[in-house]
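Pasted below: my_file_39.txt, compact mmCIF, C-alpha atoms and all ligand atoms.
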```txt
# COMPACT_ATOMS: atom_id res chain seq x y z
CA MET A 19 11.26 -20.54 -33.61
CA THR A 20 8.29 -22.78 -33.02
CA LEU A 21 5.49 -21.54 -30.89
CA LYS A 22 5.03 -23.27 -27.55
CA LEU A 23 1.47 -23.99 -26.49
CA PRO A 24 -0.40 -23.17 -24.34
CA ILE A 25 0.29 -19.45 -24.47
CA TYR A 26 0.17 -17.57 -21.16
CA PHE A 27 -1.72 -14.27 -21.49
CA ASP A 28 -2.95 -14.05 -17.90
CA ASN A 29 -0.16 -12.07 -16.26
CA GLN A 30 -2.62 -10.04 -14.17
CA ALA A 31 -3.60 -13.25 -12.37
CA SER A 32 -0.02 -14.28 -11.68
CA THR A 33 3.38 -14.23 -13.36
CA PRO A 34 6.00 -16.93 -13.82
CA VAL A 35 9.03 -16.70 -11.55
CA ASP A 36 11.91 -15.06 -13.41
CA PRO A 37 14.80 -17.57 -13.67
CA ARG A 38 17.12 -14.96 -12.11
CA VAL A 39 14.74 -14.76 -9.14
CA LEU A 40 14.73 -18.55 -8.77
CA THR A 41 18.54 -18.64 -8.85
CA ALA A 42 18.69 -16.09 -6.04
CA MET A 43 16.20 -18.12 -3.97
CA LEU A 44 17.66 -21.62 -4.28
CA PRO A 45 20.50 -21.42 -1.71
CA TYR A 46 17.98 -20.31 0.93
CA PHE A 47 16.14 -23.63 0.71
CA THR A 48 19.27 -25.69 1.27
CA GLU A 49 22.59 -24.45 2.65
CA HIS A 50 21.19 -21.17 4.04
CA PHE A 51 18.03 -22.60 5.59
CA GLY A 52 18.36 -20.84 8.96
CA ASN A 53 15.64 -19.03 10.83
CA PRO A 54 16.35 -15.28 10.75
CA SER A 55 15.10 -15.05 14.33
CA SER A 56 17.92 -17.35 15.51
CA ARG A 57 20.31 -14.84 17.01
CA SER A 58 22.77 -17.34 18.44
CA HIS A 59 24.46 -18.81 15.36
CA ALA A 60 25.59 -18.18 11.79
CA PHE A 61 22.64 -19.99 10.19
CA GLY A 62 20.33 -17.37 11.64
CA TRP A 63 22.66 -14.47 10.83
CA VAL A 64 22.98 -15.45 7.18
CA ALA A 65 19.20 -15.73 6.82
CA GLU A 66 18.66 -12.43 8.60
CA GLU A 67 21.18 -10.68 6.38
CA ALA A 68 19.37 -11.95 3.28
CA VAL A 69 15.99 -10.82 4.62
CA GLU A 70 17.37 -7.34 5.38
CA ARG A 71 18.91 -7.06 1.91
CA ALA A 72 15.53 -7.95 0.41
CA ARG A 73 13.87 -5.34 2.62
CA GLU A 74 16.20 -2.73 1.12
CA GLN A 75 15.39 -3.92 -2.41
CA VAL A 76 11.63 -3.67 -1.84
CA ALA A 77 11.95 -0.30 -0.10
CA ALA A 78 14.03 1.06 -2.98
CA LEU A 79 11.46 0.08 -5.63
CA ILE A 80 8.64 1.99 -3.93
CA GLY A 81 10.67 4.94 -2.66
CA ALA A 82 10.34 4.13 1.06
CA LYS A 83 12.70 6.27 3.15
CA THR A 84 13.88 3.34 5.23
CA PRO A 85 13.69 -0.45 4.92
CA LYS A 86 12.11 -0.47 8.41
CA GLU A 87 8.89 0.61 6.71
CA ILE A 88 8.56 -2.78 4.96
CA VAL A 89 6.58 -5.47 6.82
CA TRP A 90 6.64 -8.97 5.28
CA THR A 91 3.32 -10.72 4.74
CA SER A 92 2.01 -13.73 2.80
CA GLY A 93 0.86 -11.49 -0.06
CA ALA A 94 -1.15 -8.42 -0.93
CA THR A 95 -4.38 -9.85 0.50
CA GLU A 96 -2.85 -10.19 3.94
CA ALA A 97 -1.11 -6.83 3.63
CA THR A 98 -4.42 -5.13 2.86
CA ASN A 99 -6.16 -6.87 5.77
CA LEU A 100 -3.36 -5.74 8.09
CA ALA A 101 -3.41 -2.18 6.75
CA ILE A 102 -7.14 -1.54 7.07
CA LYS A 103 -8.10 -3.73 10.04
CA GLY A 104 -4.86 -2.83 11.82
CA ALA A 105 -5.48 0.91 11.40
CA VAL A 106 -9.09 0.63 12.52
CA GLU A 107 -8.11 -1.37 15.59
CA ALA A 108 -5.34 1.05 16.48
CA ASN A 109 -7.92 3.86 16.46
CA LYS A 110 -10.77 2.13 18.19
CA HIS A 111 -10.67 4.51 21.15
CA GLY A 112 -10.57 7.49 18.83
CA ASP A 113 -13.49 9.14 17.12
CA ARG A 114 -12.76 7.98 13.59
CA ASN A 115 -14.68 5.00 12.28
CA HIS A 116 -15.32 6.05 8.68
CA LEU A 117 -13.51 4.49 5.71
CA ILE A 118 -13.56 5.53 2.05
CA THR A 119 -12.81 3.21 -0.84
CA GLN A 120 -14.14 2.70 -4.37
CA LYS A 121 -16.20 0.10 -6.15
CA THR A 122 -13.61 -1.54 -8.40
CA GLU A 123 -11.11 -2.41 -5.67
CA HIS A 124 -9.83 -5.98 -5.36
CA LYS A 125 -11.91 -8.22 -3.09
CA ALA A 126 -9.12 -8.09 -0.52
CA THR A 127 -10.10 -4.47 0.12
CA LEU A 128 -13.86 -4.74 -0.43
CA ASP A 129 -14.32 -7.83 1.75
CA THR A 130 -12.14 -6.32 4.49
CA CYS A 131 -14.32 -3.20 4.43
CA LYS A 132 -17.50 -5.30 4.54
CA HIS A 133 -16.14 -7.16 7.57
CA LEU A 134 -15.41 -3.87 9.32
CA GLU A 135 -18.92 -2.59 8.53
CA LYS A 136 -20.28 -5.53 10.53
CA LEU A 137 -18.07 -4.43 13.42
CA GLY A 138 -19.47 -0.90 13.35
CA CYS A 139 -17.41 1.05 10.83
CA SER A 140 -19.15 3.05 8.15
CA VAL A 141 -17.74 2.74 4.63
CA THR A 142 -18.23 4.94 1.57
CA TYR A 143 -17.80 3.06 -1.71
CA LEU A 144 -17.13 5.72 -4.35
CA ASP A 145 -18.35 5.38 -7.92
CA VAL A 146 -15.93 5.32 -10.85
CA ASP A 147 -16.34 6.84 -14.31
CA ALA A 148 -16.78 4.86 -17.53
CA GLU A 149 -13.00 4.32 -17.70
CA GLY A 150 -12.93 3.00 -14.13
CA ARG A 151 -11.28 6.05 -12.55
CA VAL A 152 -12.27 7.69 -9.29
CA ASN A 153 -12.52 11.44 -9.22
CA PRO A 154 -10.27 12.97 -6.52
CA ASP A 155 -12.98 15.60 -5.95
CA ASP A 156 -15.33 12.78 -4.91
CA VAL A 157 -12.74 11.58 -2.41
CA ARG A 158 -12.41 15.14 -1.08
CA ALA A 159 -16.18 15.48 -0.76
CA ALA A 160 -16.52 12.15 1.06
CA ILE A 161 -13.95 12.96 3.77
CA THR A 162 -15.52 13.91 7.11
CA ASP A 163 -14.14 14.52 10.61
CA GLN A 164 -14.81 10.84 11.26
CA THR A 165 -12.75 9.58 8.30
CA LEU A 166 -9.83 7.43 9.37
CA LEU A 167 -8.56 6.02 6.10
CA VAL A 168 -8.95 6.16 2.32
CA SER A 169 -8.09 3.06 0.26
CA VAL A 170 -7.66 3.33 -3.52
CA MET A 171 -5.70 0.91 -5.69
CA LEU A 172 -2.84 1.88 -8.01
CA ALA A 173 -4.03 -0.20 -10.99
CA ASN A 174 -7.04 -2.43 -11.44
CA ASN A 175 -6.45 -6.13 -11.99
CA GLU A 176 -9.29 -6.62 -14.52
CA VAL A 177 -9.26 -3.55 -16.74
CA GLY A 178 -5.83 -2.13 -15.86
CA THR A 179 -7.16 1.34 -15.08
CA VAL A 180 -4.58 3.44 -13.22
CA GLN A 181 -5.96 5.70 -10.47
CA PRO A 182 -4.87 9.29 -9.70
CA ILE A 183 -2.89 8.20 -6.63
CA ALA A 184 -0.74 11.32 -6.20
CA GLU A 185 -3.79 13.63 -6.17
CA ILE A 186 -5.67 11.45 -3.72
CA GLY A 187 -2.59 11.11 -1.51
CA ARG A 188 -2.07 14.85 -1.39
CA LEU A 189 -5.61 15.60 -0.34
CA CYS A 190 -5.59 12.83 2.29
CA HIS A 191 -2.48 14.33 3.85
CA GLU A 192 -4.02 17.80 3.79
CA ARG A 193 -6.96 16.45 5.77
CA GLY A 194 -4.95 14.24 8.13
CA VAL A 195 -6.52 11.04 6.79
CA LEU A 196 -4.49 7.85 6.31
CA PHE A 197 -4.04 6.74 2.71
CA HIS A 198 -3.75 3.04 1.84
CA CYS A 199 -2.95 1.98 -1.73
CA ASP A 200 -3.26 -1.58 -3.02
CA ALA A 201 -0.32 -1.38 -5.39
CA ALA A 202 -0.16 -5.13 -6.13
CA GLN A 203 -0.98 -4.70 -9.78
CA GLY A 204 0.89 -1.50 -10.62
CA VAL A 205 4.13 -1.69 -8.70
CA GLY A 206 7.11 -2.71 -10.82
CA LYS A 207 5.22 -1.79 -13.98
CA LEU A 208 4.41 1.87 -13.35
CA PRO A 209 6.28 4.57 -11.44
CA PHE A 210 5.14 4.30 -7.81
CA ASP A 211 6.71 6.36 -5.05
CA VAL A 212 5.23 6.40 -1.57
CA GLU A 213 6.93 9.71 -0.72
CA ALA A 214 5.98 11.63 -3.85
CA MET A 215 2.45 10.18 -3.76
CA CYS A 216 1.86 10.70 -0.01
CA VAL A 217 1.00 7.03 0.52
CA ASP A 218 0.92 5.88 4.18
CA LEU A 219 0.24 2.18 3.64
CA ALA A 220 0.86 0.15 0.46
CA SER A 221 0.17 -3.51 -0.30
CA ILE A 222 2.41 -5.35 -2.73
CA SER A 223 2.80 -8.95 -3.87
CA ALA A 224 5.76 -10.90 -5.28
CA HIS A 225 3.84 -13.16 -7.67
CA LYS A 226 2.55 -10.23 -9.75
CA ILE A 227 6.11 -9.11 -10.51
CA TYR A 228 7.83 -12.38 -11.47
CA GLY A 229 8.51 -13.45 -7.88
CA PRO A 230 7.12 -16.44 -5.97
CA LYS A 231 3.58 -16.87 -4.65
CA GLY A 232 2.81 -16.60 -0.96
CA VAL A 233 4.98 -13.58 -0.16
CA GLY A 234 4.22 -9.89 -0.14
CA ALA A 235 4.68 -6.80 1.96
CA LEU A 236 2.95 -3.89 3.56
CA PHE A 237 4.66 -0.52 3.48
CA VAL A 238 3.92 1.23 6.78
CA ARG A 239 4.94 4.89 6.94
CA ASN A 240 7.24 5.56 9.87
CA GLU A 241 7.30 9.37 9.89
CA ARG A 242 4.89 12.19 9.13
CA PRO A 243 2.73 10.50 10.13
CA ARG A 244 4.02 7.52 12.08
CA VAL A 245 1.30 5.01 11.27
CA GLN A 246 0.09 2.86 14.15
CA LEU A 247 -1.27 -0.60 13.38
CA VAL A 248 -2.52 -3.38 15.62
CA ALA A 249 -1.15 -6.76 14.48
CA GLN A 250 -3.66 -9.18 13.01
CA ILE A 251 -1.40 -12.21 13.56
CA ASP A 252 0.11 -12.54 17.03
CA GLY A 253 2.85 -14.86 18.22
CA GLY A 254 6.32 -13.61 19.04
CA GLY A 255 6.32 -10.04 17.86
CA HIS A 256 8.22 -10.41 14.59
CA GLU A 257 8.23 -7.56 12.07
CA ARG A 258 8.26 -4.77 14.66
CA LYS A 259 5.31 -6.44 16.39
CA MET A 260 3.12 -5.97 13.35
CA ARG A 261 3.14 -9.51 11.93
CA SER A 262 4.33 -12.55 13.84
CA GLY A 263 5.48 -15.83 12.34
CA THR A 264 8.74 -17.28 11.02
CA LEU A 265 9.69 -15.50 7.83
CA ASN A 266 9.50 -17.19 4.40
CA VAL A 267 13.18 -16.58 3.73
CA PRO A 268 13.48 -18.02 0.18
CA GLY A 269 10.27 -16.24 -0.80
CA ILE A 270 11.46 -12.95 0.66
CA VAL A 271 14.85 -13.26 -1.09
CA GLY A 272 12.99 -13.89 -4.37
CA PHE A 273 10.67 -10.95 -3.75
CA GLY A 274 13.67 -8.67 -3.17
CA LYS A 275 15.37 -9.86 -6.35
CA ALA A 276 12.12 -9.43 -8.31
CA CYS A 277 11.88 -5.83 -7.08
CA GLU A 278 15.50 -5.13 -7.97
CA LEU A 279 14.95 -6.42 -11.52
CA CYS A 280 11.78 -4.35 -11.94
CA GLY A 281 13.63 -1.24 -10.79
CA LEU A 282 16.45 -1.85 -13.27
CA GLU A 283 14.34 -2.87 -16.25
CA MET A 284 10.95 -1.18 -15.80
CA ALA A 285 11.40 1.64 -18.32
CA GLU A 286 12.53 -0.63 -21.13
CA GLU A 287 10.14 -3.44 -20.21
CA THR A 288 7.15 -1.11 -20.13
CA ARG A 289 7.92 0.09 -23.65
CA ARG A 290 8.27 -3.49 -24.92
CA ILE A 291 5.10 -4.81 -23.26
CA GLU A 292 3.10 -1.75 -24.30
CA ALA A 293 4.17 -2.35 -27.90
CA LEU A 294 3.04 -5.99 -27.67
CA ARG A 295 -0.29 -4.97 -26.15
CA ASP A 296 -0.81 -2.34 -28.85
CA ARG A 297 0.03 -4.91 -31.52
CA LEU A 298 -2.61 -7.24 -30.05
CA GLU A 299 -5.16 -4.44 -29.81
CA ARG A 300 -4.52 -3.30 -33.38
CA GLY A 301 -4.62 -6.85 -34.73
CA LEU A 302 -8.01 -7.47 -33.14
CA PHE A 303 -9.59 -4.09 -33.90
CA ASP A 304 -8.41 -3.99 -37.52
CA ASN A 305 -9.95 -7.38 -38.26
CA ILE A 306 -13.01 -7.80 -36.04
CA ASP A 307 -15.86 -5.29 -36.06
CA LEU A 308 -17.82 -3.81 -33.14
CA LEU A 309 -15.08 -4.37 -30.53
CA HIS A 310 -15.02 -2.30 -27.36
CA VAL A 311 -12.10 -1.61 -24.98
CA ASN A 312 -13.09 -1.80 -21.32
CA GLY A 313 -11.07 0.58 -19.19
CA SER A 314 -8.95 3.55 -20.11
CA ARG A 315 -6.68 3.89 -23.12
CA SER A 316 -4.69 6.71 -21.53
CA HIS A 317 -4.44 5.48 -17.91
CA ARG A 318 -3.83 1.77 -18.29
CA LEU A 319 -1.36 -0.90 -17.15
CA PRO A 320 1.17 -1.59 -19.93
CA GLY A 321 0.25 -5.28 -20.43
CA ASN A 322 -3.51 -5.07 -20.01
CA LEU A 323 -6.12 -5.32 -22.73
CA ASN A 324 -9.74 -5.92 -21.73
CA VAL A 325 -12.02 -6.20 -24.76
CA SER A 326 -15.67 -6.94 -25.29
CA PHE A 327 -16.52 -9.03 -28.37
CA PRO A 328 -20.23 -8.29 -28.89
CA TYR A 329 -22.31 -11.29 -30.01
CA VAL A 330 -19.72 -13.74 -28.71
CA GLU A 331 -20.06 -15.17 -25.19
CA GLY A 332 -16.79 -14.67 -23.33
CA GLU A 333 -16.99 -18.22 -22.00
CA SER A 334 -17.43 -19.63 -25.53
CA LEU A 335 -14.54 -17.59 -26.83
CA MET A 336 -12.32 -18.75 -23.96
CA MET A 337 -13.25 -22.33 -24.80
CA ALA A 338 -12.51 -21.74 -28.48
CA LEU A 339 -9.14 -20.25 -27.51
CA LYS A 340 -8.29 -23.14 -25.23
CA ASP A 341 -4.57 -22.98 -26.02
CA VAL A 342 -4.45 -19.42 -24.74
CA ALA A 343 -4.61 -18.68 -21.00
CA ILE A 344 -6.91 -15.68 -20.66
CA SER A 345 -9.83 -14.82 -18.41
CA SER A 346 -13.35 -13.55 -18.98
CA GLY A 347 -15.49 -10.85 -17.43
CA SER A 348 -17.98 -13.31 -16.03
CA ALA A 349 -17.47 -15.32 -12.91
CA CYS A 350 -19.02 -18.74 -12.96
CA THR A 351 -21.14 -19.14 -9.87
CA SER A 352 -23.15 -22.27 -9.23
CA ALA A 353 -26.38 -21.10 -10.80
CA SER A 354 -25.48 -18.38 -13.25
CA LEU A 355 -22.83 -16.31 -14.92
CA GLU A 356 -22.35 -13.19 -12.82
CA PRO A 357 -20.96 -10.29 -14.81
CA SER A 358 -17.83 -8.75 -13.32
CA TYR A 359 -18.54 -6.20 -10.57
CA VAL A 360 -15.70 -4.10 -11.95
CA LEU A 361 -17.29 -3.78 -15.40
CA ARG A 362 -20.67 -3.19 -13.79
CA ALA A 363 -19.28 -0.33 -11.68
CA MET A 364 -17.96 1.23 -14.89
CA GLY A 365 -21.44 1.15 -16.39
CA VAL A 366 -20.66 -1.62 -18.89
CA SER A 367 -23.92 -3.40 -19.74
CA ASP A 368 -24.29 -7.02 -18.60
CA ASP A 369 -24.49 -8.02 -22.27
CA LEU A 370 -21.12 -6.46 -23.04
CA ALA A 371 -19.61 -7.69 -19.77
CA HIS A 372 -20.50 -11.28 -20.70
CA THR A 373 -18.51 -10.93 -23.91
CA SER A 374 -15.39 -9.48 -22.29
CA ILE A 375 -11.95 -11.07 -22.27
CA ARG A 376 -8.91 -9.95 -20.32
CA PHE A 377 -5.55 -10.35 -22.05
CA GLY A 378 -2.61 -9.84 -19.68
CA LEU A 379 0.77 -9.61 -21.36
CA GLY A 380 4.01 -9.84 -19.45
CA ARG A 381 7.78 -10.15 -19.43
CA PHE A 382 8.00 -13.45 -21.26
CA ASN A 383 5.48 -12.93 -24.06
CA THR A 384 6.59 -12.53 -27.67
CA GLU A 385 5.40 -10.99 -30.93
CA GLU A 386 4.93 -14.50 -32.37
CA GLU A 387 2.52 -15.30 -29.56
CA VAL A 388 0.58 -12.09 -30.12
CA ASP A 389 0.31 -12.75 -33.85
CA HIS A 390 -0.84 -16.31 -33.22
CA VAL A 391 -3.53 -15.20 -30.77
CA VAL A 392 -4.73 -12.50 -33.19
CA ARG A 393 -5.07 -15.04 -36.03
CA LEU A 394 -6.84 -17.50 -33.75
CA ALA A 395 -9.22 -14.89 -32.32
CA ILE A 396 -10.19 -13.61 -35.78
CA GLU A 397 -11.02 -17.15 -36.91
CA LYS A 398 -12.92 -18.14 -33.76
CA VAL A 399 -14.90 -14.92 -33.44
CA ARG A 400 -16.04 -15.21 -37.08
CA LYS A 401 -17.15 -18.80 -36.47
CA LEU A 402 -19.02 -17.97 -33.29
CA ARG A 403 -20.68 -14.93 -34.82
CA ASP A 404 -21.79 -16.97 -37.83
CA LEU A 405 -23.89 -18.91 -35.33
CA SER A 406 -25.41 -15.77 -33.83
CA PRO A 407 -28.76 -14.58 -35.24
CA LEU A 408 -28.34 -11.40 -33.20
CA TYR A 409 -25.10 -10.59 -35.00
CA GLU A 410 -26.84 -11.07 -38.35
CA MET A 411 -29.61 -8.71 -37.31
CA ALA A 412 -27.15 -6.13 -36.00
CA LYS A 413 -25.24 -6.24 -39.28
CA GLU A 414 -28.48 -5.71 -41.19
CA GLY A 415 -28.93 -2.53 -39.20
CA ILE A 416 -31.72 -3.68 -36.93
CA ASP A 417 -31.55 -1.82 -33.62
CA LEU A 418 -31.67 -4.70 -31.16
CA SER A 419 -32.44 -2.44 -28.24
CA LYS A 420 -35.77 -1.55 -29.90
CA ILE A 421 -36.91 -5.14 -30.29
CA GLU A 422 -39.65 -6.33 -27.97
CA TRP A 423 -38.72 -9.77 -26.81
CA ASN A 424 -41.69 -11.94 -25.96
CA SER A 425 -39.77 -14.39 -23.84
CA PRO A 426 -36.99 -14.05 -21.33
CA HIS A 427 -34.13 -13.57 -23.78
CA HIS A 428 -30.38 -13.90 -23.45
CA HIS A 429 -28.98 -12.22 -20.32
C1 LIG B 501 -3.33 -10.17 -6.99
C2 LIG B 501 -3.87 -8.97 -6.34
C3 LIG B 501 -4.14 -8.94 -4.97
C4 LIG B 501 -3.91 -10.14 -4.09
O1 LIG B 501 -2.56 -10.43 -3.94
P1 LIG B 501 -2.10 -11.82 -3.32
O2 LIG B 501 -0.65 -11.62 -3.09
O3 LIG B 501 -2.40 -12.86 -4.35
O4 LIG B 501 -2.85 -12.02 -2.05
C5 LIG B 501 -4.65 -7.79 -4.42
N1 LIG B 501 -4.89 -6.70 -5.18
C6 LIG B 501 -4.66 -6.69 -6.50
C7 LIG B 501 -4.94 -5.45 -7.28
C8 LIG B 501 -4.15 -7.82 -7.13
O5 LIG B 501 -3.94 -7.79 -8.44
```

Here is the file; what I need is its structure written in the form of structure tokens.
Amino acid sequence: MTLKLPIYFDNQASTPVDPRVLTAMLPYFTEHFGNPSSRSHAFGWVAEEAVERAREQVAALIGAKTPKEIVWTSGATEATNLAIKGAVEANKHGDRNHLITQKTEHKATLDTCKHLEKLGCSVTYLDVDAEGRVNPDDVRAAITDQTLLVSVMLANNEVGTVQPIAEIGRLCHERGVLFHCDAAQGVGKLPFDVEAMCVDLASISAHKIYGPKGVGALFVRNERPRVQLVAQIDGGGHERKMRSGTLNVPGIVGFGKACELCGLEMAEETRRIEALRDRLERGLFDNIDLLHVNGSRSHRLPGNLNVSFPYVEGESLMMALKDVAISSGSACTSASLEPSYVLRAMGVSDDLAHTSIRFGLGRFNTEEEVDHVVRLAIEKVRKLRDLSPLYEMAKEGIDLSKIEWNSPHHH
């Protein structure tokens, strides 16, 4: 089989729609185009039936007790905004205005928290360890009588680190604090059960699990406790008054199908993708010296590999690997390369962060692709390092940290 280029190794950014998902969606663009809110004719009933079937499929994947607990949104970003802002607004006459989260959350959570700080909430941003994990004891210690909600993600989108969700959920419930989990990255790839893990609110997204973009859901616990949210989008009272707007029926049908497939195939798929990731990791580490894994080897998303290639700029390596879709640990801003805030929170030096690459393997990747990328990376890293005087010095055993630079040096 010939290799098709470019190769997609960026499945943490988004995933292709599974052909089986697309097949399920297609009729809902054409013959079944009705508005599920139309109660007076069959076009509406057919659409509504499809939406309710999808609700059951999503609920089943995350262990929700009833499909009523699923609220459709445009994605995990909107779900997270609704969860946190909606909970704060529902409690504004209460005495709880303190939120707890952690520093490597997705911007959907961090920016929502920052917004709420401006409106008078106080937010604790917990540190993570070198692997990117929060310590449940730190969560326990941060909870006060004012704490309304704790928000910790299931798995990180950059380094793949999986958080101790069940422990955090248990202690939140003991203290009567709401627990929100951004599960966008972990759901469908790792066991996730809102009952077993005491999760009250969970954000998920179709396009991270081989469904379409622009559709997601918020799980909102209905019992013990019954979570109250104030809608952030008004206009007709759809979705049990929590999120108005005509539903994206084809997207929702695709999301449901994507969840069903994950539920059926997760165990086998995880093994396969983990084996591919390990093959990639071994191929790189056996052939390139001084590499460094960012994140956790024991608590990590199956398809994720985040590696620093010292003495090679991540941006240069990405350019050299232009037939491979990957992403780097620096974000290009107008003036400079900002190292990733996630790596920074883990204590990774700016130097190492600038050399980091995220490989995200998924359902449709193959061994041939992995072997090709390994060969290519070995060749390109050698070339780039041959140009690096620092690499030469490091190989000669000179301790670069002891050198006194007499001009502003590399980052
Ligand atoms: C992708 C992602 C989001 C955002 O989801 P959208 O559906 O694209 O809005 C939020 N959190 C995490 C961890 C993600 O990976």

Hey, which residues sit close to ligand LIG 501 (chain B)? Say within 9 Å, counting only C-alpha atoms and all ligand atoms, and write them as an MDAnalysis selection string.
chainID A and resid 30:32 91:98 123:127 171:176 200:204 221:226 231:235

Shortest contact to Pro85 in chain A, candidates A:Leu219, A:Glu49, A:Gly178, A:Arg239, atoms counted all atoms listed in the file, goes to A:Arg239

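The two atoms in question, CA of His372 in chain A and CA of Leu339 in chain A, are spaced 16.0 Å apart.
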
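With CA of Val157 in chain A on one side and CA of Leu247 in chain A on the other, the separation reads 23.0 Å.
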
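Reported to one decimal place, the separation of CA of Ala285 in chain A from CA of Phe382 in chain A is 15.7 Å.
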
Spatial neighbours of range 66-69 of chain A, max dist 12 Å, all atoms listed in the file, sep filter under 2 positions, as a ChimeraX atom specification: /A:42-43,45-46,50-64,71-76,85-86,88-90,257,264-275

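With all atoms listed in the file taken into account, every residue lying no more than 7 Å from the file point (0.6, -5.1, -24.9) is included here: Ile291, Glu292, Ala293, Leu294, Arg295, Asp296, Arg297, Leu298, Pro320, Gly321, Asn322 and Leu379 of chain A.
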
Keeping C-alpha atoms, export the residues of the selection given above as a compact mmCIF listing (two decimals), keeping the file's coordinate frame.
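Just written: out.txt:
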```txt
# COMPACT_ATOMS: atom_id res chain seq x y z
CA ILE A 291 5.10 -4.81 -23.26
CA GLU A 292 3.10 -1.75 -24.30
CA ALA A 293 4.17 -2.35 -27.90
CA LEU A 294 3.04 -5.99 -27.67
CA ARG A 295 -0.29 -4.97 -26.15
CA ASP A 296 -0.81 -2.34 -28.85
CA ARG A 297 0.03 -4.91 -31.52
CA LEU A 298 -2.61 -7.24 -30.05
CA PRO A 320 1.17 -1.59 -19.93
CA GLY A 321 0.25 -5.28 -20.43
CA ASN A 322 -3.51 -5.07 -20.01
CA LEU A 379 0.77 -9.61 -21.36
```

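Minimum atom-to-atom distances from A:Phe210, A:Leu394, A:Ile416, A:Pro182 to Lys340 in chain A were compared using only C-alpha atoms, and the lowest value belongs to A:Leu394.
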
| Is there a way to get, as a VMD selection string, all residues within 12 Å of the point (-2.5, -9.8, -29.2) in file coordinates, counting all atoms listed in the file? | chain A and resid 25 to 27 291 to 305 321 to 325 342 344 375 to 380 383 to 396

Would you save the residues of that selection, restricted to C-alpha atoms, as an mmCIF file, in the coordinates of the input?
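again_22.cif, written as the output of this step:
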```
data_model
loop_
_atom_site.group_PDB
_atom_site.id
_atom_site.type_symbol
_atom_site.label_atom_id
_atom_site.label_comp_id
_atom_site.auth_asym_id
_atom_site.auth_seq_id
_atom_site.Cartn_x
_atom_site.Cartn_y
_atom_site.Cartn_z
ATOM 1 C CA ILE A 25 0.290 -19.450 -24.470
ATOM 2 C CA TYR A 26 0.170 -17.570 -21.160
ATOM 3 C CA PHE A 27 -1.720 -14.270 -21.490
ATOM 4 C CA ILE A 291 5.100 -4.810 -23.260
ATOM 5 C CA GLU A 292 3.100 -1.750 -24.300
ATOM 6 C CA ALA A 293 4.170 -2.350 -27.900
ATOM 7 C CA LEU A 294 3.040 -5.990 -27.670
ATOM 8 C CA ARG A 295 -0.290 -4.970 -26.150
ATOM 9 C CA ASP A 296 -0.810 -2.340 -28.850
ATOM 10 C CA ARG A 297 0.030 -4.910 -31.520
ATOM 11 C CA LEU A 298 -2.610 -7.240 -30.050
ATOM 12 C CA GLU A 299 -5.160 -4.440 -29.810
ATOM 13 C CA ARG A 300 -4.520 -3.300 -33.380
ATOM 14 C CA GLY A 301 -4.620 -6.850 -34.730
ATOM 15 C CA LEU A 302 -8.010 -7.470 -33.140
ATOM 16 C CA PHE A 303 -9.590 -4.090 -33.900
ATOM 17 C CA ASP A 304 -8.410 -3.990 -37.520
ATOM 18 C CA ASN A 305 -9.950 -7.380 -38.260
ATOM 19 C CA GLY A 321 0.250 -5.280 -20.430
ATOM 20 C CA ASN A 322 -3.510 -5.070 -20.010
ATOM 21 C CA LEU A 323 -6.120 -5.320 -22.730
ATOM 22 C CA ASN A 324 -9.740 -5.920 -21.730
ATOM 23 C CA VAL A 325 -12.020 -6.200 -24.760
ATOM 24 C CA VAL A 342 -4.450 -19.420 -24.740
ATOM 25 C CA ILE A 344 -6.910 -15.680 -20.660
ATOM 26 C CA ILE A 375 -11.950 -11.070 -22.270
ATOM 27 C CA ARG A 376 -8.910 -9.950 -20.320
ATOM 28 C CA PHE A 377 -5.550 -10.350 -22.050
ATOM 29 C CA GLY A 378 -2.610 -9.840 -19.680
ATOM 30 C CA LEU A 379 0.770 -9.610 -21.360
ATOM 31 C CA GLY A 380 4.010 -9.840 -19.450
ATOM 32 C CA ASN A 383 5.480 -12.930 -24.060
ATOM 33 C CA THR A 384 6.590 -12.530 -27.670
ATOM 34 C CA GLU A 385 5.400 -10.990 -30.930
ATOM 35 C CA GLU A 386 4.930 -14.500 -32.370
ATOM 36 C CA GLU A 387 2.520 -15.300 -29.560
ATOM 37 C CA VAL A 388 0.580 -12.090 -30.120
ATOM 38 C CA ASP A 389 0.310 -12.750 -33.850
ATOM 39 C CA HIS A 390 -0.840 -16.310 -33.220
ATOM 40 C CA VAL A 391 -3.530 -15.200 -30.770
ATOM 41 C CA VAL A 392 -4.730 -12.500 -33.190
ATOM 42 C CA ARG A 393 -5.070 -15.040 -36.030
ATOM 43 C CA LEU A 394 -6.840 -17.500 -33.750
ATOM 44 C CA ALA A 395 -9.220 -14.890 -32.320
ATOM 45 C CA ILE A 396 -10.190 -13.610 -35.780
#
```

*Neighbours of Gly281 in chain A within 10 Å (only C-alpha atoms; same-chain residues fewer than 5 positions away dropped), as a PyMOL selection string?*
chain A and resi 75-76+78-80+205-207+209+275-276

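Near Val141 in chain A, within 8 Å and counting only C-alpha atoms, sit His116, Leu117, Ile118, Thr119, Cys131 and Glu135 of chain A, not including residues fewer than 4 positions from it in the same chain.
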
Shortest contact to Ala214 in chain A, candidates A:Leu335, A:Val238, A:Ala82, A:Pro24, atoms counted only C-alpha atoms, goes to A:Ala82

For Tyr359 in chain A, list every protein, DNA or RNA residue within 12 Å, evaluated using all atoms listed in the file, and leave out those in the same chain fewer than 4 positions away; present the list as an MDAnalysis selection string.
chainID A and resid 120:125 128 145:146 150 176:177 347:349 355 363:368 371:372
